[in-house]
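K.L.:
Let me begin by handing over the structure; questions about it come next.
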Amino acid sequence: MSTFCGLTKEYPQVALDLFSGKDVLRARTYLLSHVHTDHMVGLHSDVFARHLKKHPEYKLYCSEVTREFLLTSNKYCHLRNSLVALPIQQACDVNILNDVNSEQQQLQVTLLPAGHYPGSAMFLLEGHAGNVLYTGDFRLKNGAAAKIEMLHAGDVVKPIRSLYIDTTFFDPKIMYIPDRISCKVI
């Protein structure tokens with residue numbers, strides 16, 4: 001179960017993996033890492049649907065696979081006009097309306113492979129408040145993150161101001177997280 005509040009302190013106008021609550025509904029851009037229910041809270045609600053209908057300029061970004069999963073369900077058909085699929089490992093510019101001065105702020109969003117579920121992605125946000133990495137659920141092999149080119153600038157790792165890690169297994173009672181081979185046996 002995800003314990004993330006949906007907003008980063010660096011980019012509070014961007015909501016990630018949570019689509020309910022007054023603070024989240026103040027966001028101007030929405031990101032969905034994958035289609036597991038604990039990351040989709042509020043996504044099918046009438047409140048969120050009305051919010052997007054009232055503000056057609058607000059978009060929900062996700063991977064192509066995640067978009068297709070959503071559109072195969074009648075429960076999420078209200079999202080069709082707001083859904084924007086972004087490619088994996090390609091930086092994309094996302095413009096966000098600043099409510100204070102009505103100017104567009106540019107944020108570079110890169111979906112990175114999360115290795116958790118088909119279509120799952122981590123989000124690298126790059127903009128005026130620094131670089132932020134949000135993992136959502138991820139399951140990478142040892143050393144795989146070092147091979148993700150978009151986390152590097154030339155030969156050096158990009159500076160990450162804040163890292164938001166999914167905390168599903170952040171519980172002292174959970175002493176062992178099974179690897180993929182163990183999961184297959186179960």
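Residue numbering restarts at 1 in every chain; chains get A, B, ... in the order shown in the structure tokens, and ligands count up from 1 in that same order.
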Residues at most 6 Å from segment 15-28 of chain A, counting only C-alpha atoms, excluding those fewer than 4 positions away in the same chain, as a PyMOL selection string?

P.N.:
chain A and resi 6-7+32+39-43+58

K.L.:
Any idea what's packed within 12 Å of segment 70-86 of chain A, counting only C-alpha atoms, ignoring anything in its chain fewer than 6 positions away? Could you give it as a ChimeraX atom specification?

P.N.:
/A:28-37,40,42-64,92-94,108-112,119-123

K.L.:
Could you check which of A:Leu124, A:Leu97, A:Leu163, A:Cys5 is closest to Ile148 of chain A, using only C-alpha atoms?

P.N.:
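Closest to Ile148 of chain A, using only C-alpha atoms: A:Leu124.
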
K.L.:
Extract, using only C-alpha atoms, all DNA, RNA and protein residues at most 8 Å from Lys158 of chain A, discarding same-chain residues fewer than 6 positions from it, and format them as JSON, numbers by chain.

P.N.:
{"A": [131, 151, 152]}

K.L.:
Please report the interatomic distance between atom CA of Gly127 of chain A and atom CA of Lys147 of chain A in Å with one decimal.

P.N.:
22.7 Å

K.L.:
Among chain A, which ones does DSSP assign to strand (DSSP E or B) (computed from the backbone)? Answer as a PyMOL selection string.

P.N.:
chain A and resi 7+14-16+29-31+59-63+83-86+88+92-97+104-113+121-127+130-134+152-153+156-157+162-164

K.L.:
Can you measure atom CA of Asp166 of chain A to atom CA of Asp137 of chain A for me? One decimal in Å is fine.

P.N.:
5.7 Å

K.L.:
Work out how far atom CA of Ala146 of chain A is from atom CA of Ala114 of chain A, in Å to one decimal.

P.N.:
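Between these atoms lies a distance of 13.1 Å.
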